[in-house]
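S.K.: What follows is a structure written as structure tokens; I'll ask about it next.
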Amino acid sequence: MVNIQRSFSSEQAGVLYLVATPIGNLDDITVRCLETLRSVDVIACEDTRQTRKLLNHFHIDKRTVSYHEHNKEASGNGLLQWLAEGKQIALVSDAGLPAISDPGADLVRDATAAGYPVIPVPGANAGLTALIASGLPTDRFVFCGFMGRENKERREELERLKKYQETLIFYEAPHRIDKTLVAIRDAWGNRRAVLARELTKRYEEFVRGTLDELIEWLREGEARGEFCLIVEGYTGPLEEEEEDLWWQELSVTQHVDQYCEQGLSKKDAIKQAADDRGVSKRDVYNEYHREQDED
């Protein structure tokens with residue numbers, strides 16, 4: 001059964017608000033975000049100390065509770081119980097949009113499954129902020145978040161993403177950024193890329209170049225702050241195109257016979273050739289016998 005959530009009055013009880021917070025410059029917070037934080041019963045935070053700085057700056061006095069990766073099960077159950085009691089809850093992360101690369105996605109899943117309204121209150125996002133200033137294509141992109149920490153996991157992930165043509169967006173911590181750049185370069189080659197750090201802050205910095213150049217730049221200085229890494233998508237031939245090359249110069253008869261020589265029956269060879277060419281089996285069958293008759 002589908003789950004339909006329609007617009008409703010802000011007076012309705014038992015609501016989870018997903019409230020964006022600034023990623024650096026506090027002036028980036030929206031009026032609606034401030035109004036929401038002032039109106040709810042409780043604010044669930046990735047780090048209550050970090051959120052308290054934001055609330056104090058804007059003179060907001062609200063109860064805060066901790067909700068993060070290490071307590072999400074117990075804390076999430078408590079938040080769902082408060083929703084059941086009719087409380088209005090704002091979920092925030094330390095910076096940017098909640099539920100992006102943090103456990104907020106789990107709470108949203110559980111809240112929507114239980115039928116509680118979930119209202120996004122949009123604002124700043126580090127990945128998109130870095131993307132639009134990167135100079136790389138923005139018409140299509142894939143958000144990848146943080147890479148796996150284990151070498152095997154990281155290799156498998158990079159292999160899966162290798163042929164994506166979209167611009168790719170990663171988050172990375174300063175103590176892992178060099179290793180991540182090397183892993184991407186080794187797996188994908190020396191693509192164009194951009195490192196963005198200290199976004200919207202006084203020392204905001206964009207470093208544009210090839211992966212090799214970014215690796216060299218990092219090794220000449222000290223990596224500080226959280227990084228957004230924007231990497232050019234795959235620009236080589238698609239796998240399908242590579243696979244197509246072997247039969248494109250063959251006639252239909254030669255194409256079918258090639259599969260027969262590999263051990264397929266005539267019927268299966270015709271079916272496989274039809275799949276390769278994107279036509280019906282009947283078309284290949286008729287063309288195959290026409291060519292043989294001509295011979």
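Ligands are numbered from 1 in the order shown, chains are lettered A, B, ... in the order of the structure tokens, and residues start at 1 in each chain.
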Report as number ranges by chain all protein, DNA and RNA residues lying within 7 Å of A:Ile169, evaluated on only C-alpha atoms, omitting residues in the same chain fewer than 3 positions from it.

M.R.: A: 127, 142-145, 229-231

S.K.: Residues of stretch 56-284 of chain A in strand (DSSP E or B) according to DSSP, as an MDAnalysis selection string?

M.R.: chainID A and resid 63:66 88:92 96 118:121 141:146 167:172 192:197 205:210 227:231

S.K.: So that I can see what lies close to A:Val40, please list as a PyMOL selection string the residues with an atom at most 12 Å from it, counting only C-alpha atoms and leaving out residues fewer than 6 positions away in the same chain.

M.R.: chain A and resi 10-19+33-34+60-64+82-83+86-91

S.K.: Per residue of stretch 111-147 of chain A within 8 Å of stretch 190-205 of chain A, which atom pair is closest and at what distance in Å (one decimal), using only C-alpha atoms, listed by chain and increasing number, as a tab-separated table?

M.R.:
```
residue	atom	partner	partner_atom	distance
A:Ala126	CA	A:Leu199	CA	7.2
A:Thr129	CA	A:Leu199	CA	7.8
A:Ala130	CA	A:Ala196	CA	6.1
A:Ser134	CA	A:Val194	CA	6.1
A:Leu136	CA	A:Ala193	CA	7.9
```

S.K.: Quick one: write out the picked residues with N, CA, C and O atoms as a PDB file, in the first residue's frame?

M.R.:
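The result, stored in selection33.pdb:
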```pdb
ATOM      1  N   ALA A 126      26.592  20.764   1.802  1.00  0.00           N
ATOM      2  CA  ALA A 126      27.996  20.893   1.412  1.00  0.00           C
ATOM      3  C   ALA A 126      28.271  20.325   0.028  1.00  0.00           C
ATOM      4  O   ALA A 126      29.001  20.924  -0.773  1.00  0.00           O
ATOM      5  N   THR A 129      26.896  22.598  -2.692  1.00  0.00           N
ATOM      6  CA  THR A 129      27.634  23.856  -2.661  1.00  0.00           C
ATOM      7  C   THR A 129      28.978  23.703  -3.371  1.00  0.00           C
ATOM      8  O   THR A 129      29.391  24.567  -4.150  1.00  0.00           O
ATOM      9  N   ALA A 130      29.653  22.583  -3.103  1.00  0.00           N
ATOM     10  CA  ALA A 130      30.935  22.331  -3.764  1.00  0.00           C
ATOM     11  C   ALA A 130      30.736  22.068  -5.251  1.00  0.00           C
ATOM     12  O   ALA A 130      31.514  22.551  -6.087  1.00  0.00           O
ATOM     13  N   SER A 134      32.448  23.914  -8.729  1.00  0.00           N
ATOM     14  CA  SER A 134      33.581  23.059  -9.087  1.00  0.00           C
ATOM     15  C   SER A 134      34.106  23.317 -10.494  1.00  0.00           C
ATOM     16  O   SER A 134      35.291  23.131 -10.777  1.00  0.00           O
ATOM     17  N   LEU A 136      33.023  21.470 -12.902  1.00  0.00           N
ATOM     18  CA  LEU A 136      32.725  20.203 -13.556  1.00  0.00           C
ATOM     19  C   LEU A 136      31.235  20.157 -13.894  1.00  0.00           C
ATOM     20  O   LEU A 136      30.450  20.934 -13.347  1.00  0.00           O
TER      21      LEU A 136
END
```

S.K.: Can you tell me, as a list in words, what residues are no more than 12 Å from A:Asp257 when counting only C-alpha atoms, ignoring any on the same chain fewer than 3 positions away?

M.R.: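 Residues near the query, excluding close chain neighbours: Trp247, Leu250, Ser251, Val252, Thr253, Gln254, Cys260, Glu261, Gln262, Gly263, Leu264, Ser265, Lys266, Lys267, Asp268, Ala269, Ile270, Gln272, Ala273, Tyr288, His289 and Gln292 of chain A.
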